[in-house]
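Structure first, then comments.
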Amino acid sequence: MSEGEPLIEARRLVKRFGDFVAVDGIDVAVRAGEVFGFLGPNGAGKSSAMRMIGCISPPSGGSLRILGLDPVADGPAIRARLGVCPQRDSLDDDLTVIENLTVYARYFGLPRKIVRQRAAELLEFVRLSERALDRVEPLSGGMKRRLTIARALVNEPDIVLLDEPTTGLDPQARHLVWERLFRLKQRGVTQVITTHYMDEAEQLCDRLVVMDHGRIVAEGAPRDLIERFSTREVVELRFGDSPLESVIAKLDGVGQRLERLPDRILVYAEDGDTAAAEVQRRRLVPTSVLVRRSSLEDVFLHLTGRTLVD
Amino acid sequence: MLTTLVLSRVAASAAARGQRSTAVAWRNVTAARHSAYWWVLVSGFVEPLLYLLSIGVGVGALVGGFTLADGTRVSYAAYVAPAMIAASAMNGAVAETTMNFFGKMKYMRLYDSVIATPVAPFEIALGELLWALLRGAMYSVAFLVIMTAAGLTTPLRALATLPATVLVGLAFGGIGMVLGTLMRSWQDFDYIAVGQVAMFLFSGTFAPAEGYSLVPRIILELTPLYHGVALIRGLTTWSFDWSILGHVGYLVGVAWLGLSIAARRTGRMLCP
């Protein structure tokens, strides 16, 4: 593998299950040291893409190279250099916290002495040292996820794959996971993350692709995507119980774009305060007005499409 | 030169495969150390012992002695005991590879994280089988010790019998693993249980197969337990002829076939 060649390179990559096309010809290149994100709603094809990259699901079409190797022919050699943190914590409830690491390390053929030392270091890293000898089952969701991340690092992988690393965690637990992942990034570990949380993608990813129906609908750095597909600011208008259809007609021309969600109307504008003032001028009386910076969430809504009103 | 290179590469990959399968088995050893599992193991050993006492010794007192095909005269207990070892090797291997394998795959989803490592589905199957054999061998050792102490066999014959019990376990482990991948729900295990009981009762365990009429006899001579019982009885009573190789060949074939089918099926189930 030559210098500068992407660690992961997919061209026209396809995954089919019978007639269903889960991944429909995606092009992806992940460079060393990068944190790369797959963003998309449930069923967008993120997890199928991850499983192909993890060499546990053979591609149905296109080409895929990981670490310069072919996933079908060199699966075990590639997997030896990957760390995988699956969507569902698949920890072993019959084992203790530290055994979850030591038993897993043996699957990589690591010598026992190294395993013991590394397991201790990793528990320190994910702040679970005190729980080393406890059973896994009573751990909190956040602890289990951290243990799963530690397990993914036991072979000192070149690439770590994280499938929705913070789904189902409370905010504190989530921030702790983010902080640990950021540390990993500082150490130069390449990470591939799937998420449907916009804040997570903004926090963690250097670059990301937005997927919908198995295709990539946008690609870029989080800030670029926001600039390209949203406006600088967004005004959120709520109108209590009044039907939003009647309100939205009167908002025509305010801001650059309008979007109606079940409970509120979003006004995309370069200057949120000006747009909010215009709403007042039209004698509309929202129950609440919130002016905020636009986020990946807005990009996501724009690209993966709820009913858009231009 | 080239052949040496190829051979050393093959040996290296076989060693890696062996190491990874052992790692799968090791997981089970580690888990067993924490749980009430050892009691389950004990029960698997006690059951054939109870059969031996009630039927071998109890019924044996009514039956009296028994003449084998080669003319050797043995007590009824010495006739039944080897069949009990074969049956317990079967039960241990089948329990581990059907019920426990199914539970680990479908409910605990234990292998979902294992396939993300260099371990291949085939190696998972092999590792589970290895564990099943280890469990079966422990039963067999304990039982052979008791048989020797009770004068139903000699220490040397017991030693020669041990590998044969492992072979019986291997054959049933192979079959069990295929069945484990075919199971749809826990109800399906009832069918397996019925099959096991039928084999346990009729595979030349308590009475010679020669006593049955032609059709049932052909059916039961096709079952692996029949060959397992014949093989082990031949060794513990030291009354075998060349036909013993037929039994060995049959069991090796079943084990190989079962394992290769199971490997393909686990691969397809775990890596769609």
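Chain labels follow the order of the structure tokens: the first chain is A, the next B, and so on; residue numbering restarts at 1 in every chain, and ligands are counted from 1 in their shown order.
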How would you write, as a PDB file with C-alpha atoms, in the first residue's frame, the set of residues in segment 33-262 of chain B that DSSP gives as strand (DSSP E)?
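The resulting file, result-v9.pdb, is reproduced below:
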```pdb
ATOM      1  CA  GLY B  65     -24.266 -63.572  31.945  1.00  0.00           C
ATOM      2  CA  PHE B  66     -24.056 -62.772  28.266  1.00  0.00           C
ATOM      3  CA  THR B  67     -22.166 -64.356  25.394  1.00  0.00           C
ATOM      4  CA  ARG B  73     -18.762 -64.462  28.186  1.00  0.00           C
ATOM      5  CA  VAL B  74     -19.407 -61.189  30.101  1.00  0.00           C
ATOM      6  CA  SER B  75     -21.743 -60.013  32.846  1.00  0.00           C
TER       7      SER B  75
END
```
Select residues of chain B: the criterion is any atom within 12 Å of an atom of chain A, counting only C-alpha atoms; output as a PDB file with N, CA and C atoms, in the first residue's frame.
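Printed below is out-v2.pdb as written:
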```pdb
ATOM      1  N   SER B  13      -1.167 -21.577   8.337  1.00  0.00           N
ATOM      2  CA  SER B  13      -2.582 -21.219   8.345  1.00  0.00           C
ATOM      3  C   SER B  13      -3.388 -22.233   9.152  1.00  0.00           C
ATOM      4  N   ALA B  15      -2.212 -23.775  11.766  1.00  0.00           N
ATOM      5  CA  ALA B  15      -1.922 -23.433  13.156  1.00  0.00           C
ATOM      6  C   ALA B  15      -2.778 -22.253  13.596  1.00  0.00           C
ATOM      7  N   ALA B  16      -2.923 -21.262  12.695  1.00  0.00           N
ATOM      8  CA  ALA B  16      -3.740 -20.093  13.026  1.00  0.00           C
ATOM      9  C   ALA B  16      -5.199 -20.495  13.208  1.00  0.00           C
ATOM     10  N   ARG B  17      -5.666 -21.377  12.312  1.00  0.00           N
ATOM     11  CA  ARG B  17      -7.043 -21.877  12.427  1.00  0.00           C
ATOM     12  C   ARG B  17      -7.249 -22.587  13.761  1.00  0.00           C
ATOM     13  N   GLY B  18      -6.274 -23.430  14.107  1.00  0.00           N
ATOM     14  CA  GLY B  18      -6.342 -24.172  15.361  1.00  0.00           C
ATOM     15  C   GLY B  18      -6.353 -23.228  16.545  1.00  0.00           C
ATOM     16  N   GLN B  19      -5.493 -22.215  16.476  1.00  0.00           N
ATOM     17  CA  GLN B  19      -5.415 -21.244  17.572  1.00  0.00           C
ATOM     18  C   GLN B  19      -6.746 -20.530  17.731  1.00  0.00           C
ATOM     19  N   ARG B  20      -7.369 -20.142  16.611  1.00  0.00           N
ATOM     20  CA  ARG B  20      -8.623 -19.381  16.683  1.00  0.00           C
ATOM     21  C   ARG B  20      -9.776 -20.255  17.164  1.00  0.00           C
ATOM     22  N   SER B  21      -9.791 -21.527  16.740  1.00  0.00           N
ATOM     23  CA  SER B  21     -10.835 -22.438  17.221  1.00  0.00           C
ATOM     24  C   SER B  21     -10.682 -22.673  18.721  1.00  0.00           C
ATOM     25  N   THR B  22      -9.426 -22.807  19.149  1.00  0.00           N
ATOM     26  CA  THR B  22      -9.176 -22.996  20.578  1.00  0.00           C
ATOM     27  C   THR B  22      -9.658 -21.778  21.361  1.00  0.00           C
ATOM     28  N   ALA B  23      -9.478 -20.586  20.781  1.00  0.00           N
ATOM     29  CA  ALA B  23      -9.920 -19.366  21.454  1.00  0.00           C
ATOM     30  C   ALA B  23     -11.435 -19.389  21.667  1.00  0.00           C
ATOM     31  N   VAL B  24     -12.168 -19.943  20.683  1.00  0.00           N
ATOM     32  CA  VAL B  24     -13.632 -20.050  20.818  1.00  0.00           C
ATOM     33  C   VAL B  24     -13.971 -21.019  21.950  1.00  0.00           C
ATOM     34  N   ALA B  25     -13.268 -22.141  21.987  1.00  0.00           N
ATOM     35  CA  ALA B  25     -13.495 -23.113  23.063  1.00  0.00           C
ATOM     36  C   ALA B  25     -13.115 -22.512  24.414  1.00  0.00           C
ATOM     37  N   TRP B  26     -12.040 -21.732  24.413  1.00  0.00           N
ATOM     38  CA  TRP B  26     -11.553 -21.117  25.646  1.00  0.00           C
ATOM     39  C   TRP B  26     -12.605 -20.195  26.265  1.00  0.00           C
ATOM     40  N   ARG B  27     -13.332 -19.500  25.405  1.00  0.00           N
ATOM     41  CA  ARG B  27     -14.418 -18.635  25.893  1.00  0.00           C
ATOM     42  C   ARG B  27     -15.384 -19.446  26.761  1.00  0.00           C
ATOM     43  N   ASN B  28     -15.701 -20.650  26.314  1.00  0.00           N
ATOM     44  CA  ASN B  28     -16.648 -21.486  27.051  1.00  0.00           C
ATOM     45  C   ASN B  28     -16.069 -21.967  28.375  1.00  0.00           C
ATOM     46  N   VAL B  29     -14.778 -22.277  28.358  1.00  0.00           N
ATOM     47  CA  VAL B  29     -14.128 -22.697  29.602  1.00  0.00           C
ATOM     48  C   VAL B  29     -14.188 -21.541  30.605  1.00  0.00           C
ATOM     49  N   THR B  30     -13.866 -20.322  30.122  1.00  0.00           N
ATOM     50  CA  THR B  30     -13.883 -19.148  30.989  1.00  0.00           C
ATOM     51  C   THR B  30     -15.276 -18.900  31.551  1.00  0.00           C
ATOM     52  N   ALA B  31     -16.288 -18.992  30.677  1.00  0.00           N
ATOM     53  CA  ALA B  31     -17.662 -18.753  31.121  1.00  0.00           C
ATOM     54  C   ALA B  31     -18.102 -19.823  32.121  1.00  0.00           C
ATOM     55  N   ALA B  32     -17.700 -21.064  31.876  1.00  0.00           N
ATOM     56  CA  ALA B  32     -18.130 -22.170  32.733  1.00  0.00           C
ATOM     57  C   ALA B  32     -17.603 -22.012  34.152  1.00  0.00           C
ATOM     58  N   ARG B  33     -16.436 -21.369  34.273  1.00  0.00           N
ATOM     59  CA  ARG B  33     -15.848 -21.211  35.599  1.00  0.00           C
ATOM     60  C   ARG B  33     -16.722 -20.367  36.522  1.00  0.00           C
ATOM     61  N   HIS B  34     -17.575 -19.510  35.922  1.00  0.00           N
ATOM     62  CA  HIS B  34     -18.389 -18.620  36.742  1.00  0.00           C
ATOM     63  C   HIS B  34     -19.744 -19.183  37.101  1.00  0.00           C
ATOM     64  N   SER B  35     -20.205 -20.157  36.346  1.00  0.00           N
ATOM     65  CA  SER B  35     -21.631 -20.444  36.416  1.00  0.00           C
ATOM     66  C   SER B  35     -21.924 -21.760  37.113  1.00  0.00           C
ATOM     67  N   ALA B  36     -23.192 -22.048  37.182  1.00  0.00           N
ATOM     68  CA  ALA B  36     -23.649 -23.313  37.744  1.00  0.00           C
ATOM     69  C   ALA B  36     -23.473 -24.432  36.727  1.00  0.00           C
ATOM     70  N   TYR B  37     -22.713 -24.095  35.672  1.00  0.00           N
ATOM     71  CA  TYR B  37     -22.517 -25.021  34.575  1.00  0.00           C
ATOM     72  C   TYR B  37     -21.945 -26.356  35.029  1.00  0.00           C
ATOM     73  N   LYS B 104     -26.543 -19.545  21.839  1.00  0.00           N
ATOM     74  CA  LYS B 104     -25.466 -18.572  21.687  1.00  0.00           C
ATOM     75  C   LYS B 104     -25.598 -17.789  20.388  1.00  0.00           C
ATOM     76  N   MET B 105     -26.043 -18.491  19.346  1.00  0.00           N
ATOM     77  CA  MET B 105     -26.137 -17.851  18.043  1.00  0.00           C
ATOM     78  C   MET B 105     -27.351 -16.935  17.955  1.00  0.00           C
ATOM     79  N   TYR B 107     -29.915 -16.209  20.496  1.00  0.00           N
ATOM     80  CA  TYR B 107     -30.402 -15.401  21.608  1.00  0.00           C
ATOM     81  C   TYR B 107     -29.316 -14.540  22.232  1.00  0.00           C
ATOM     82  N   MET B 108     -28.174 -15.132  22.511  1.00  0.00           N
ATOM     83  CA  MET B 108     -27.105 -14.328  23.103  1.00  0.00           C
ATOM     84  C   MET B 108     -26.384 -13.521  22.025  1.00  0.00           C
ATOM     85  N   ARG B 109     -26.552 -13.908  20.781  1.00  0.00           N
ATOM     86  CA  ARG B 109     -25.865 -13.255  19.652  1.00  0.00           C
ATOM     87  C   ARG B 109     -24.361 -13.144  19.927  1.00  0.00           C
ATOM     88  N   LEU B 110     -23.865 -14.200  20.481  1.00  0.00           N
ATOM     89  CA  LEU B 110     -22.473 -14.221  20.911  1.00  0.00           C
ATOM     90  C   LEU B 110     -21.503 -14.115  19.739  1.00  0.00           C
ATOM     91  N   TYR B 111     -21.876 -14.714  18.621  1.00  0.00           N
ATOM     92  CA  TYR B 111     -20.925 -14.796  17.515  1.00  0.00           C
ATOM     93  C   TYR B 111     -20.895 -13.534  16.663  1.00  0.00           C
ATOM     94  N   ASP B 112     -21.907 -12.653  16.849  1.00  0.00           N
ATOM     95  CA  ASP B 112     -21.918 -11.418  16.063  1.00  0.00           C
ATOM     96  C   ASP B 112     -20.625 -10.637  16.255  1.00  0.00           C
ATOM     97  N   SER B 113     -20.106 -10.654  17.488  1.00  0.00           N
ATOM     98  CA  SER B 113     -18.876  -9.912  17.720  1.00  0.00           C
ATOM     99  C   SER B 113     -17.652 -10.756  17.378  1.00  0.00           C
ATOM    100  N   VAL B 114     -17.808 -12.066  17.369  1.00  0.00           N
ATOM    101  CA  VAL B 114     -16.655 -12.927  17.060  1.00  0.00           C
ATOM    102  C   VAL B 114     -16.313 -12.867  15.577  1.00  0.00           C
ATOM    103  N   ILE B 115     -17.332 -12.785  14.722  1.00  0.00           N
ATOM    104  CA  ILE B 115     -17.033 -12.775  13.283  1.00  0.00           C
ATOM    105  C   ILE B 115     -16.375 -11.463  12.848  1.00  0.00           C
ATOM    106  N   ALA B 116     -16.407 -10.448  13.721  1.00  0.00           N
ATOM    107  CA  ALA B 116     -15.718  -9.195  13.398  1.00  0.00           C
ATOM    108  C   ALA B 116     -14.201  -9.326  13.597  1.00  0.00           C
ATOM    109  N   THR B 117     -13.772 -10.421  14.203  1.00  0.00           N
ATOM    110  CA  THR B 117     -12.340 -10.673  14.415  1.00  0.00           C
ATOM    111  C   THR B 117     -11.845 -11.614  13.303  1.00  0.00           C
ATOM    112  N   PRO B 118     -10.571 -11.949  13.296  1.00  0.00           N
ATOM    113  CA  PRO B 118     -10.106 -12.868  12.247  1.00  0.00           C
ATOM    114  C   PRO B 118     -10.770 -14.257  12.291  1.00  0.00           C
ATOM    115  N   VAL B 119     -11.496 -14.577  13.349  1.00  0.00           N
ATOM    116  CA  VAL B 119     -12.126 -15.897  13.461  1.00  0.00           C
ATOM    117  C   VAL B 119     -13.222 -16.053  12.401  1.00  0.00           C
ATOM    118  N   ALA B 120     -13.148 -17.133  11.631  1.00  0.00           N
ATOM    119  CA  ALA B 120     -14.127 -17.399  10.583  1.00  0.00           C
ATOM    120  C   ALA B 120     -15.252 -18.271  11.139  1.00  0.00           C
ATOM    121  N   PRO B 121     -16.446 -18.230  10.504  1.00  0.00           N
ATOM    122  CA  PRO B 121     -17.551 -19.065  10.988  1.00  0.00           C
ATOM    123  C   PRO B 121     -17.183 -20.539  11.145  1.00  0.00           C
ATOM    124  N   GLU B 123     -14.369 -21.710  11.962  1.00  0.00           N
ATOM    125  CA  GLU B 123     -13.564 -21.866  13.177  1.00  0.00           C
ATOM    126  C   GLU B 123     -14.427 -21.769  14.436  1.00  0.00           C
ATOM    127  N   ILE B 124     -15.518 -21.001  14.347  1.00  0.00           N
ATOM    128  CA  ILE B 124     -16.465 -20.958  15.466  1.00  0.00           C
ATOM    129  C   ILE B 124     -17.075 -22.348  15.654  1.00  0.00           C
ATOM    130  N   GLY B 127     -14.542 -24.663  17.084  1.00  0.00           N
ATOM    131  CA  GLY B 127     -14.272 -24.357  18.489  1.00  0.00           C
ATOM    132  C   GLY B 127     -15.374 -24.871  19.404  1.00  0.00           C
ATOM    133  N   GLY B 267     -21.679 -20.101   8.220  1.00  0.00           N
ATOM    134  CA  GLY B 267     -21.149 -19.004   7.411  1.00  0.00           C
ATOM    135  C   GLY B 267     -22.269 -18.190   6.794  1.00  0.00           C
ATOM    136  N   ARG B 268     -23.238 -18.901   6.240  1.00  0.00           N
ATOM    137  CA  ARG B 268     -24.341 -18.200   5.569  1.00  0.00           C
ATOM    138  C   ARG B 268     -25.232 -17.464   6.569  1.00  0.00           C
ATOM    139  N   MET B 269     -25.377 -18.052   7.774  1.00  0.00           N
ATOM    140  CA  MET B 269     -26.244 -17.408   8.766  1.00  0.00           C
ATOM    141  C   MET B 269     -25.588 -16.171   9.384  1.00  0.00           C
ATOM    142  N   LEU B 270     -24.280 -16.274   9.607  1.00  0.00           N
ATOM    143  CA  LEU B 270     -23.611 -15.172  10.312  1.00  0.00           C
ATOM    144  C   LEU B 270     -23.149 -14.058   9.378  1.00  0.00           C
ATOM    145  N   CYS B 271     -22.836 -14.389   8.150  1.00  0.00           N
ATOM    146  CA  CYS B 271     -22.316 -13.377   7.221  1.00  0.00           C
ATOM    147  C   CYS B 271     -23.185 -13.271   5.966  1.00  0.00           C
ATOM    148  N   PRO B 272     -24.418 -12.767   6.107  1.00  0.00           N
ATOM    149  CA  PRO B 272     -25.290 -12.669   4.936  1.00  0.00           C
ATOM    150  C   PRO B 272     -24.792 -11.620   3.950  1.00  0.00           C
TER     151      PRO B 272
END
```
Could you pull the residues within 12 Å of Glu47 of chain B, counting only C-alpha atoms, minus those fewer than 6 positions along the same chain, as a PyMOL selection string? chain B and resi 40-41+53-54+84-85+87-89+91-92+139+143
I'd like the contact shell of segment 204-218 of chain B - 7 Å cut-off, only C-alpha atoms, skipping same-chain residues fewer than 3 positions apart - returned as an mmCIF file with N, CA and C atoms, in the first residue's frame.
```cif
data_model
loop_
_atom_site.group_PDB
_atom_site.id
_atom_site.type_symbol
_atom_site.label_atom_id
_atom_site.label_comp_id
_atom_site.auth_asym_id
_atom_site.auth_seq_id
_atom_site.Cartn_x
_atom_site.Cartn_y
_atom_site.Cartn_z
ATOM 1 N N VAL B 80 -23.776 -53.673 29.188
ATOM 2 C CA VAL B 80 -24.526 -52.419 29.110
ATOM 3 C C VAL B 80 -23.616 -51.190 29.300
ATOM 4 N N ALA B 83 -22.268 -49.204 26.382
ATOM 5 C CA ALA B 83 -23.347 -48.519 25.663
ATOM 6 C C ALA B 83 -23.718 -47.223 26.371
ATOM 7 N N PHE B 200 -31.090 -44.261 21.895
ATOM 8 C CA PHE B 200 -30.609 -44.744 23.178
ATOM 9 C C PHE B 200 -31.203 -46.112 23.517
ATOM 10 N N LEU B 201 -32.486 -46.311 23.175
ATOM 11 C CA LEU B 201 -33.157 -47.562 23.547
ATOM 12 C C LEU B 201 -32.833 -48.717 22.607
ATOM 13 N N GLU B 221 -29.020 -50.116 12.264
ATOM 14 C CA GLU B 221 -27.593 -50.225 11.930
ATOM 15 C C GLU B 221 -27.107 -49.021 11.140
ATOM 16 N N LEU B 222 -28.047 -48.189 10.663
ATOM 17 C CA LEU B 222 -27.653 -46.953 9.984
ATOM 18 C C LEU B 222 -27.406 -45.821 10.969
ATOM 19 N N TYR B 226 -25.475 -46.820 16.967
ATOM 20 C CA TYR B 226 -25.231 -48.259 16.832
ATOM 21 C C TYR B 226 -23.740 -48.520 16.649
ATOM 22 N N VAL B 229 -21.766 -47.659 19.860
ATOM 23 C CA VAL B 229 -21.893 -48.693 20.891
ATOM 24 C C VAL B 229 -21.037 -49.907 20.528
#
```
